[in-house]
>>> print(open('data-v3.txt').read())   # compact mmCIF, C-alpha atoms
# COMPACT_ATOMS: atom_id res chain seq x y z
CA MET A 84 33.47 -81.99 79.59
CA MET A 85 29.74 -82.68 79.25
CA LEU A 86 29.64 -85.76 77.09
CA GLN A 87 27.31 -88.70 76.71
CA ARG A 88 29.18 -91.97 76.28
CA ILE A 89 28.10 -95.26 74.78
CA ASN A 90 29.88 -98.46 73.87
CA LEU A 91 28.37 -100.17 70.85
CA LYS A 92 31.11 -102.68 70.06
CA ASN A 93 29.30 -105.54 71.72
CA ARG A 94 26.11 -104.76 69.81
CA ILE A 95 27.56 -105.31 66.36
CA GLN A 96 27.69 -108.98 65.48
CA LEU A 97 29.57 -109.47 62.25
CA SER A 98 27.97 -112.86 61.67
CA SER A 99 24.57 -111.19 61.35
CA PHE A 100 25.93 -108.97 58.59
CA THR A 101 26.70 -112.04 56.47
CA GLN A 102 23.18 -113.35 56.96
CA LEU A 103 21.69 -110.03 55.87
CA VAL A 104 23.46 -109.91 52.52
CA ASN A 105 20.97 -112.29 50.93
CA LYS A 106 17.84 -110.45 52.07
CA SER A 107 15.48 -109.70 49.18
CA PHE A 108 15.39 -106.02 50.15
CA PHE A 109 18.67 -105.48 48.30
CA THR A 110 19.86 -105.68 44.73
CA SER A 111 23.32 -104.83 43.42
CA GLN A 112 25.67 -102.29 44.96
CA ALA A 113 24.92 -98.69 44.06
CA ALA A 114 28.09 -98.37 42.02
CA SER A 115 26.71 -96.14 39.28
CA THR A 116 26.02 -93.27 41.68
CA LEU A 117 29.25 -93.37 43.64
CA GLN A 118 32.18 -90.99 43.67
CA PRO A 119 35.26 -92.97 42.62
CA LEU A 120 37.47 -93.84 45.55
CA PRO A 121 40.71 -91.84 45.55
CA GLU A 122 43.91 -93.83 45.26
CA SER A 123 45.43 -95.00 48.50
CA SER A 124 47.75 -92.85 50.56
CA SER A 125 49.58 -93.17 53.84
CA THR A 126 47.74 -95.45 56.26
CA TYR A 127 46.25 -93.85 59.37
CA ARG A 128 45.53 -95.94 62.45
CA PHE A 129 43.17 -95.51 65.36
CA ASP A 130 44.90 -94.66 68.61
CA ASP A 131 42.78 -97.03 70.72
CA ASP A 132 43.06 -100.41 69.00
CA ALA A 133 45.35 -99.90 65.99
CA GLU A 134 42.47 -100.67 63.59
CA GLU A 135 43.18 -99.26 60.14
CA TYR A 136 41.32 -96.41 58.53
CA ALA A 137 39.80 -96.86 55.12
CA ASP A 138 42.56 -96.69 52.53
CA ILE A 139 41.80 -93.44 50.68
CA LYS A 140 43.44 -90.04 50.20
CA TRP A 141 41.88 -88.10 53.04
CA ASP A 142 43.39 -84.81 51.88
CA GLU A 143 41.43 -85.05 48.62
CA LEU A 144 37.95 -85.47 50.08
CA GLY A 145 35.25 -83.30 48.55
CA PHE A 146 31.52 -83.38 49.16
CA GLY A 147 30.62 -86.41 47.07
CA LEU A 148 29.38 -89.88 47.88
CA VAL A 149 32.06 -92.37 48.89
CA GLN A 150 30.60 -95.81 49.51
CA THR A 151 31.00 -97.03 53.07
CA ASP A 152 30.31 -100.47 54.51
CA TYR A 153 26.91 -100.49 56.21
CA MET A 154 23.58 -98.72 56.44
CA TYR A 155 20.74 -99.00 58.96
CA ILE A 156 17.15 -99.87 58.01
CA MET A 157 13.95 -99.76 60.05
CA LYS A 158 10.34 -100.15 58.86
CA CYS A 159 6.93 -99.06 60.05
CA SER A 160 3.41 -99.89 58.89
CA LYS A 161 0.81 -97.14 58.85
CA GLU A 162 -1.60 -99.31 60.82
CA GLY A 163 0.62 -99.54 63.89
CA GLU A 164 2.58 -96.32 63.33
CA ILE A 165 5.37 -97.82 65.45
CA PHE A 166 8.79 -98.51 63.99
CA THR A 167 10.04 -102.03 64.59
CA ARG A 168 13.58 -102.72 65.70
CA GLY A 169 15.96 -101.86 62.88
CA GLU A 170 19.16 -103.54 61.81
CA LEU A 171 22.43 -102.89 60.05
CA ASN A 172 22.73 -104.07 56.45
CA PRO A 173 25.59 -103.99 53.95
CA TYR A 174 25.42 -100.76 51.97
CA GLY A 175 23.60 -101.26 48.68
CA ASN A 176 20.62 -100.45 46.51
CA ILE A 177 17.10 -100.94 47.83
CA GLU A 178 13.95 -102.23 46.17
CA MET A 179 10.56 -100.56 46.40
CA SER A 180 7.30 -100.48 44.51
CA PRO A 181 7.21 -98.16 41.48
CA CYS A 182 3.93 -97.04 43.02
CA SER A 183 5.54 -96.02 46.32
CA GLY A 184 4.53 -92.74 47.93
CA VAL A 185 8.03 -91.31 47.76
CA LEU A 186 8.45 -92.03 44.03
CA ASN A 187 5.00 -90.85 42.98
CA TYR A 188 4.23 -88.01 45.35
CA GLY A 189 7.54 -87.05 46.97
CA GLN A 190 6.53 -88.25 50.43
CA GLY A 191 9.96 -88.22 51.98
CA LEU A 192 12.25 -86.38 54.38
CA PHE A 193 15.96 -86.39 55.05
CA GLU A 194 18.33 -85.18 57.71
CA GLY A 195 22.04 -84.44 57.76
CA LEU A 196 24.52 -84.55 60.63
CA LYS A 197 28.20 -85.30 61.10
CA ALA A 198 30.57 -87.42 63.15
CA TYR A 199 34.03 -86.08 63.98
CA ARG A 200 37.15 -87.87 65.14
CA LYS A 201 38.95 -86.46 68.16
CA ARG A 202 42.71 -86.48 68.52
CA ASP A 203 42.47 -89.44 70.90
CA GLY A 204 40.64 -91.46 68.24
CA ASN A 205 37.20 -91.29 69.85
CA ILE A 206 34.23 -90.08 67.80
CA LEU A 207 31.80 -87.24 68.50
CA LEU A 208 28.29 -86.62 67.20
CA PHE A 209 26.94 -83.07 67.26
CA ARG A 210 23.42 -82.49 68.65
CA PRO A 211 21.78 -85.58 67.12
CA GLU A 212 18.65 -85.10 69.22
CA GLN A 213 18.00 -81.86 67.33
CA ASN A 214 17.95 -83.74 64.03
CA ALA A 215 15.61 -86.32 65.55
CA MET A 216 13.17 -83.64 66.68
CA ARG A 217 13.31 -81.85 63.33
CA LEU A 218 12.55 -85.14 61.55
CA GLN A 219 9.52 -85.61 63.78
CA MET A 220 8.29 -82.12 62.89
CA GLY A 221 8.69 -82.87 59.21
CA ALA A 222 7.01 -86.25 59.52
CA GLU A 223 3.95 -84.66 61.08
CA ARG A 224 3.76 -82.19 58.16
CA MET A 225 4.15 -84.99 55.59
CA CYS A 226 1.63 -87.36 57.27
CA MET A 227 4.25 -89.95 58.17
CA PRO A 228 5.08 -91.85 61.35
CA SER A 229 8.57 -91.09 62.64
CA PRO A 230 11.16 -92.86 64.78
CA SER A 231 11.35 -91.83 68.42
CA ILE A 232 14.29 -89.65 69.42
CA ASP A 233 15.96 -92.67 71.03
CA GLN A 234 15.42 -94.79 67.91
CA PHE A 235 16.86 -92.07 65.70
CA ILE A 236 19.97 -91.58 67.82
CA ASP A 237 20.51 -95.33 68.17
CA ALA A 238 20.33 -95.72 64.38
CA VAL A 239 22.88 -92.95 63.90
CA LYS A 240 25.23 -94.41 66.52
CA GLN A 241 25.05 -97.88 65.02
CA THR A 242 25.66 -96.52 61.51
CA VAL A 243 28.70 -94.53 62.63
CA HIS A 244 30.18 -97.36 64.66
CA ALA A 245 29.74 -99.87 61.84
CA ASN A 246 31.49 -97.41 59.48
CA LYS A 247 34.10 -96.28 62.00
CA ARG A 248 37.03 -96.74 59.62
CA TRP A 249 35.45 -94.15 57.30
CA VAL A 250 35.47 -91.37 59.91
CA PRO A 251 38.34 -89.13 58.67
CA PRO A 252 41.42 -88.47 60.80
CA PRO A 253 41.27 -85.28 62.91
CA GLY A 254 41.31 -82.20 60.70
CA LYS A 255 40.75 -84.17 57.47
CA GLY A 256 36.96 -83.91 57.27
CA SER A 257 33.98 -85.63 58.86
CA LEU A 258 31.60 -88.53 58.36
CA TYR A 259 28.39 -87.10 56.91
CA ILE A 260 25.34 -89.07 58.09
CA ARG A 261 22.16 -89.01 56.00
CA PRO A 262 18.98 -90.34 57.67
CA LEU A 263 16.03 -90.79 55.29
CA LEU A 264 12.33 -91.24 56.06
CA LEU A 265 10.53 -92.53 52.96
CA GLY A 266 6.94 -93.40 52.13
CA THR A 267 7.74 -96.79 50.59
CA GLY A 268 4.24 -98.30 50.59
CA PRO A 269 2.35 -98.35 47.25
CA VAL A 270 -0.28 -95.62 46.68
CA LEU A 271 -1.95 -94.92 43.36
CA GLY A 272 -4.29 -92.17 44.46
CA ILE A 273 -3.00 -89.23 46.47
CA SER A 274 -2.85 -90.46 50.06
CA PRO A 275 -0.19 -91.20 52.70
CA ALA A 276 1.80 -94.37 52.10
CA ARG A 277 0.79 -97.20 54.43
CA GLU A 278 4.39 -98.26 54.96
CA CYS A 279 7.40 -96.06 55.74
CA THR A 280 11.08 -96.93 55.81
CA PHE A 281 13.81 -95.21 57.81
CA ILE A 282 17.31 -95.56 56.34
CA THR A 283 20.58 -94.14 57.62
CA TYR A 284 23.78 -94.21 55.58
CA ALA A 285 27.05 -92.30 55.75
CA SER A 286 29.91 -90.97 53.62
CA PRO A 287 33.22 -89.27 54.50
CA VAL A 288 33.25 -85.67 53.27
CA GLY A 289 35.42 -82.60 53.03
CA ASN A 290 34.30 -79.07 52.16
CA TYR A 291 30.85 -78.60 50.61
CA PHE A 292 31.70 -75.75 48.25
CA LYS A 293 34.43 -76.10 45.65
CA GLU A 294 35.89 -72.86 47.03
CA GLY A 295 36.80 -74.77 50.19
CA ILE A 296 37.20 -72.16 52.92
CA ALA A 297 37.50 -69.32 50.39
CA PRO A 298 34.71 -66.69 50.45
CA LEU A 299 31.55 -67.45 48.47
CA ASN A 300 30.19 -65.32 45.66
CA LEU A 301 26.38 -65.28 45.71
CA VAL A 302 23.66 -63.93 43.44
CA ILE A 303 20.13 -62.89 44.39
CA GLU A 304 17.36 -64.68 42.50
CA GLU A 305 14.21 -62.61 41.92
CA THR A 306 12.17 -64.83 39.60
CA MET A 307 12.24 -68.29 41.15
CA HIS A 308 11.44 -68.97 44.80
CA ARG A 309 12.43 -71.73 47.18
CA ALA A 310 9.27 -71.80 49.30
CA ASN A 311 5.83 -70.26 49.77
CA PRO A 312 3.77 -69.44 52.88
CA GLY A 313 1.68 -72.44 53.86
CA GLY A 314 3.99 -74.80 52.00
CA ALA A 315 6.68 -77.11 53.34
CA GLY A 316 9.71 -74.80 53.23
CA GLY A 317 10.15 -75.04 56.99
CA VAL A 318 10.66 -78.82 57.03
CA LYS A 319 13.39 -80.89 55.42
CA THR A 320 11.26 -82.61 52.82
CA ILE A 321 12.95 -83.91 49.68
CA THR A 322 10.52 -81.86 47.58
CA ASN A 323 12.21 -78.60 48.64
CA TYR A 324 15.45 -79.34 46.83
CA ALA A 325 14.76 -80.31 43.21
CA PRO A 326 12.94 -76.98 42.56
CA VAL A 327 16.11 -74.99 43.36
CA LEU A 328 18.22 -76.86 40.81
CA LYS A 329 17.31 -74.64 37.87
CA ALA A 330 18.29 -71.39 39.61
CA LEU A 331 21.35 -73.00 41.19
CA THR A 332 22.59 -74.53 37.94
CA HIS A 333 22.20 -71.22 36.13
CA ALA A 334 24.01 -69.33 38.90
CA LYS A 335 26.93 -71.75 38.83
CA SER A 336 27.17 -71.45 35.06
CA MET A 337 27.65 -67.71 35.62
CA GLY A 338 30.46 -68.33 38.12
CA PHE A 339 28.51 -67.91 41.36
CA SER A 340 28.69 -70.28 44.33
CA ASP A 341 25.00 -70.31 45.20
CA VAL A 342 21.73 -68.38 45.14
CA ILE A 343 19.96 -66.21 47.72
CA TYR A 344 16.18 -66.62 47.46
CA LEU A 345 13.69 -63.88 48.30
CA ASP A 346 10.28 -64.23 49.92
CA SER A 347 7.62 -65.14 47.37
CA VAL A 348 5.02 -62.59 48.53
CA GLN A 349 6.66 -59.17 48.69
CA LYS A 350 9.83 -60.31 46.94
CA LYS A 351 12.04 -57.99 48.96
CA TYR A 352 13.10 -60.00 52.01
CA ILE A 353 16.03 -62.42 51.90
CA GLU A 354 15.24 -65.96 53.07
CA GLU A 355 18.00 -68.53 52.56
CA LEU A 356 20.30 -70.21 50.05
CA SER A 357 19.73 -73.50 48.23
CA SER A 358 20.94 -75.53 51.20
CA CYS A 359 21.92 -73.21 54.04
CA ASN A 360 20.83 -70.27 56.21
CA ILE A 361 22.20 -66.74 55.95
CA PHE A 362 23.39 -64.12 58.48
CA ILE A 363 24.44 -60.48 58.12
CA VAL A 364 26.76 -58.61 60.47
CA LYS A 365 26.78 -54.89 61.22
CA GLY A 366 29.04 -53.87 64.07
CA ASN A 367 28.19 -56.01 67.09
CA ARG A 368 24.77 -56.92 65.69
CA ILE A 369 24.14 -60.22 63.91
CA SER A 370 20.83 -60.64 62.06
CA THR A 371 19.20 -63.61 60.37
CA PRO A 372 15.73 -64.13 58.83
CA PRO A 373 13.17 -65.74 61.16
CA THR A 374 12.05 -69.32 60.61
CA LYS A 375 8.31 -68.88 60.16
CA GLY A 376 7.37 -71.65 57.77
CA THR A 377 9.35 -70.82 54.64
CA ILE A 378 12.87 -71.13 56.07
CA LEU A 379 14.41 -74.33 57.40
CA PRO A 380 15.31 -74.12 61.11
CA GLY A 381 18.94 -75.15 60.71
CA ILE A 382 20.70 -76.83 63.61
CA THR A 383 23.97 -75.08 62.77
CA ARG A 384 21.98 -71.84 62.56
CA LYS A 385 20.57 -72.47 66.04
CA SER A 386 24.04 -73.30 67.39
CA ILE A 387 25.65 -70.19 65.90
CA ILE A 388 22.93 -68.01 67.41
CA GLU A 389 23.58 -69.53 70.85
CA ILE A 390 27.36 -69.21 70.51
CA ALA A 391 27.10 -65.60 69.31
CA ILE A 392 24.89 -64.63 72.25
CA ALA A 393 27.35 -66.28 74.65
CA GLN A 394 30.15 -64.26 73.00
CA GLY A 395 28.35 -60.98 73.65
CA TYR A 396 26.89 -60.29 70.23
CA GLN A 397 23.43 -58.80 69.80
CA VAL A 398 21.51 -61.38 67.77
CA GLU A 399 18.26 -60.61 65.95
CA GLU A 400 15.89 -62.95 64.14
CA ARG A 401 13.89 -60.58 61.94
CA PRO A 402 12.90 -59.87 58.32
CA ILE A 403 15.88 -58.51 56.36
CA GLU A 404 15.30 -56.43 53.24
CA VAL A 405 17.66 -56.81 50.29
CA GLU A 406 18.81 -53.21 50.71
CA GLU A 407 20.31 -54.03 54.10
CA LEU A 408 22.92 -56.17 52.36
CA ILE A 409 24.40 -53.00 50.87
CA ASP A 410 25.48 -51.68 54.27
CA ALA A 411 26.43 -54.97 55.94
CA ASP A 412 29.99 -55.43 57.21
CA GLU A 413 29.92 -59.20 56.81
CA VAL A 414 27.67 -61.91 55.44
CA PHE A 415 28.02 -65.62 56.17
CA CYS A 416 26.08 -68.85 55.70
CA THR A 417 25.52 -71.79 58.03
CA GLY A 418 24.51 -75.41 57.60
CA THR A 419 25.57 -78.94 58.49
CA ALA A 420 27.29 -79.39 55.14
CA VAL A 421 28.81 -75.89 54.83
CA VAL A 422 29.40 -75.34 58.60
CA VAL A 423 30.09 -71.55 58.61
CA ALA A 424 30.98 -70.17 55.18
CA PRO A 425 32.02 -66.52 54.68
CA VAL A 426 30.51 -64.57 51.79
CA GLY A 427 32.89 -62.42 49.77
CA SER A 428 30.34 -60.84 47.45
CA ILE A 429 26.66 -60.67 46.57
CA THR A 430 25.43 -59.64 43.14
CA PHE A 431 22.01 -58.00 42.87
CA ARG A 432 20.64 -56.64 39.59
CA SER A 433 24.11 -56.80 38.04
CA LYS A 434 25.71 -54.80 40.86
CA ARG A 435 28.28 -56.52 43.06
CA TYR A 436 28.62 -55.82 46.79
CA GLU A 437 31.69 -57.00 48.70
CA TYR A 438 32.18 -57.86 52.37
CA LYS A 439 34.90 -58.33 54.95
CA THR A 440 36.39 -61.81 55.13
CA GLY A 441 39.42 -63.46 56.67
CA ALA A 442 41.22 -63.13 60.00
CA GLY A 443 39.49 -61.11 62.69
CA THR A 444 36.00 -61.34 61.23
CA THR A 445 32.95 -62.49 63.14
CA SER A 446 32.39 -65.50 60.89
CA VAL A 447 35.93 -66.77 61.44
CA LYS A 448 35.56 -66.39 65.20
CA LEU A 449 32.23 -68.22 65.28
CA HIS A 450 33.50 -70.92 62.91
CA SER A 451 36.51 -71.54 65.14
CA ILE A 452 34.36 -71.95 68.26
CA LEU A 453 31.78 -74.18 66.58
CA THR A 454 34.27 -76.51 64.91
CA GLY A 455 36.32 -76.60 68.10
CA ILE A 456 33.31 -77.94 69.99
CA GLN A 457 32.36 -80.36 67.20
CA SER A 458 35.86 -81.84 67.00
CA GLY A 459 36.56 -81.90 70.74
CA ARG A 460 39.33 -79.29 70.60
CA ILE A 461 37.28 -76.95 72.81
CA GLU A 462 35.49 -77.95 76.00
CA ASP A 463 31.80 -78.49 75.30
CA LYS A 464 30.21 -76.32 77.96
CA MET A 465 26.91 -76.41 76.04
CA GLY A 466 26.45 -80.17 76.40
CA TRP A 467 25.99 -80.55 72.64
CA THR A 468 28.32 -83.45 71.82
CA VAL A 469 27.70 -87.17 72.15
CA GLU A 470 30.78 -89.38 72.33
CA LEU A 471 31.01 -92.96 71.06
CA ASP A 472 33.62 -95.24 72.66
>>> encode(input="data-v3.txt", output="structure tokens")
Amino acid sequence: MMLQRINLKNRIQLSSFTQLVNKSFFTSQAASTLQPLPESSSTYRFDDDAEEYADIKWDELGFGLVQTDYMYIMKCSKEGEIFTRGELNPYGNIEMSPCSGVLNYGQGLFEGLKAYRKRDGNILLFRPEQNAMRLQMGAERMCMPSPSIDQFIDAVKQTVHANKRWVPPPGKGSLYIRPLLLGTGPVLGISPARECTFITYASPVGNYFKEGIAPLNLVIEETMHRANPGGAGGVKTITNYAPVLKALTHAKSMGFSDVIYLDSVQKKYIEELSSCNIFIVKGNRISTPPTKGTILPGITRKSIIEIAIAQGYQVEERPIEVEELIDADEVFCTGTAVVVAPVGSITFRSKRYEYKTGAGTTSVKLHSILTGIQSGRIEDKMGWTVELD
């Protein structure tokens, strides 16, 4: 198995955590924004050292914030554009200027990746270097310095190890890791913030959609658009997400799972959903829209393309007109949060189109291979996983 191994236990000094509690960077715990902790259930234990898991009902995990123990913080001044050595801090609120770049002008990026527990108790990360490179791409677009790939991965590893008891038991979910790059320096006029802060926190999660693994029901949005050519739709800036809330909220009020957005120029090509990429299947051919500036280059998307090619599918990255959805055999979505989610129906101009789902479908096959690699059930011949001791 092609795995990278690292032992971080000796790098975490609990005494330093106590000293960090009183730092002025923090205020009270972020209790008002947290998902209530489920009541306790049977206690799970790690296989390696009998350390207890966090005492929650793992079977009831959804995709909501559950407060964990620590987060990682690293700062950078615009003058040097080099991030200093970061450190673990107790999870809590942060203070920043009301004039900060992120609060006034949306100068911020985020990433999302997961940690999975293997059956032997060890923990796997999935392609963290890809998230690091994508953050660097976004930082260049948003005029921000960014952590090096090594700094990014080290921050993720330290965050996961410090919150090890929150990594769900095998098959019960994953630890979702959220790195943030924020323009925290004060700016009154429109200009890049002179100080940036990199924060990484984590939360145990289950399925993203309330449907769980059930097929999604989508609707095509023709009036509102997610991104425009020349904009920032191809990077994971925080400003890409609030604008979809209106269309998404309306769709959910009508009973749909999510929205498919069209291109903003010709308004006939499908692009992506509110938070994930889309694929269509016809026979042995799998097609997905190309990432050319308005579509986020998803890491799960990239992985599914590589797995599908290895499995003998013909994979195309090309513009897809709405009308092609009518004749598709299958449709599925991909993303870190959703993994691989089958689509049961798409509604367009009040007409509903249905697709194959369930056993034997392409999406189920690809989902099984991907999650098998991520969780360590399948040998990682791609060299994608990073193991923490």
>>> residues_around(input="data-v3.txt", residues="Lys158 (chain A)", least_positions_apart="3", cutoff="7 Å", atoms="all atoms listed in the file", output="ChimeraX atom specification")
/A:166-167,279-281
>>> atom_distance(input="data-v3.txt", atom1="CA of Phe193 (chain A)", atom2="CA of Glu389 (chain A)")
24.3 Å
>>> closest_residue(input="data-v3.txt", among="A:Leu356, A:Leu299, A:Leu192, A:Leu471", to="Val327 (chain A)", atoms="all atoms listed in the file")
A:Leu356
>>> residues_around(input="data-v3.txt", residues="Ala315 (chain A)", least_positions_apart="3", cutoff="8 Å", atoms="only C-alpha atoms", output="PyMOL selection string")
chain A and resi 224+310-311+318-320+323+376-377
>>> write_last_selection(input="data-v3.txt", atoms="C-alpha atoms", output="mmCIF file, keeping the file's coordinate frame")
data_model
loop_
_atom_site.group_PDB
_atom_site.id
_atom_site.type_symbol
_atom_site.label_atom_id
_atom_site.label_comp_id
_atom_site.auth_asym_id
_atom_site.auth_seq_id
_atom_site.Cartn_x
_atom_site.Cartn_y
_atom_site.Cartn_z
ATOM 1 C CA ARG A 224 3.760 -82.190 58.160
ATOM 2 C CA ALA A 310 9.270 -71.800 49.300
ATOM 3 C CA ASN A 311 5.830 -70.260 49.770
ATOM 4 C CA VAL A 318 10.660 -78.820 57.030
ATOM 5 C CA LYS A 319 13.390 -80.890 55.420
ATOM 6 C CA THR A 320 11.260 -82.610 52.820
ATOM 7 C CA ASN A 323 12.210 -78.600 48.640
ATOM 8 C CA GLY A 376 7.370 -71.650 57.770
ATOM 9 C CA THR A 377 9.350 -70.820 54.640
#
>>> closest_residue(input="data-v3.txt", among="A:Gly455, A:Gly266, A:Pro211, A:Gly466", to="Ile321 (chain A)", atoms="only C-alpha atoms")
A:Gly266
>>> atom_distance(input="data-v3.txt", atom1="CA of Pro402 (chain A)", atom2="CA of Ile343 (chain A)")
14.2 Å
>>> closest_residue(input="data-v3.txt", among="A:Val364, A:Ile206, A:Leu379, A:Cys159", to="Glu194 (chain A)", atoms="all atoms listed in the file")
A:Leu379
>>> atom_distance(input="data-v3.txt", atom1="CA of Lys434 (chain A)", atom2="CA of Ile303 (chain A)")
10.4 Å
>>> closest_residue(input="data-v3.txt", among="A:Gly338, A:Ile232, A:Ala137, A:Gly268", to="Val250 (chain A)", atoms="all atoms listed in the file")
A:Ala137
>>> residues_around(input="data-v3.txt", residues="Leu328 (chain A)", least_positions_apart="3", cutoff="12 Å", atoms="only C-alpha atoms", output="count of residues only")
18
>>> closest_residue(input="data-v3.txt", among="A:Met337, A:Ala411, A:Val348, A:Val149", to="Leu301 (chain A)", atoms="only C-alpha atoms")
A:Met337
>>> residues_around(input="data-v3.txt", residues="Pro425 (chain A)", least_positions_apart="4", cutoff="8 Å", atoms="only C-alpha atoms", output="ChimeraX atom specification")
/A:296-299,413-416,440,446-447
>>> closest_residue(input="data-v3.txt", among="A:Thr445, A:Ser340, A:Ser458, A:Val469", to="Ile429 (chain A)", atoms="all atoms listed in the file")
A:Ser340
>>> axis_aligned_box(input="data-v3.txt", around="region 330-340 of chain A", padding_each_side="6 Å", output="lines of an AutoDock Vina configuration file")
center_x = 24.4
center_y = -71.1
center_z = 39.7
size_x = 24.2
size_y = 18.8
size_z = 21.3
>>> residues_around(input="data-v3.txt", residues="Val288 (chain A)", least_positions_apart="3", cutoff="8 Å", atoms="all atoms listed in the file", output="number ranges by chain")
A: 144-148, 256-259, 291
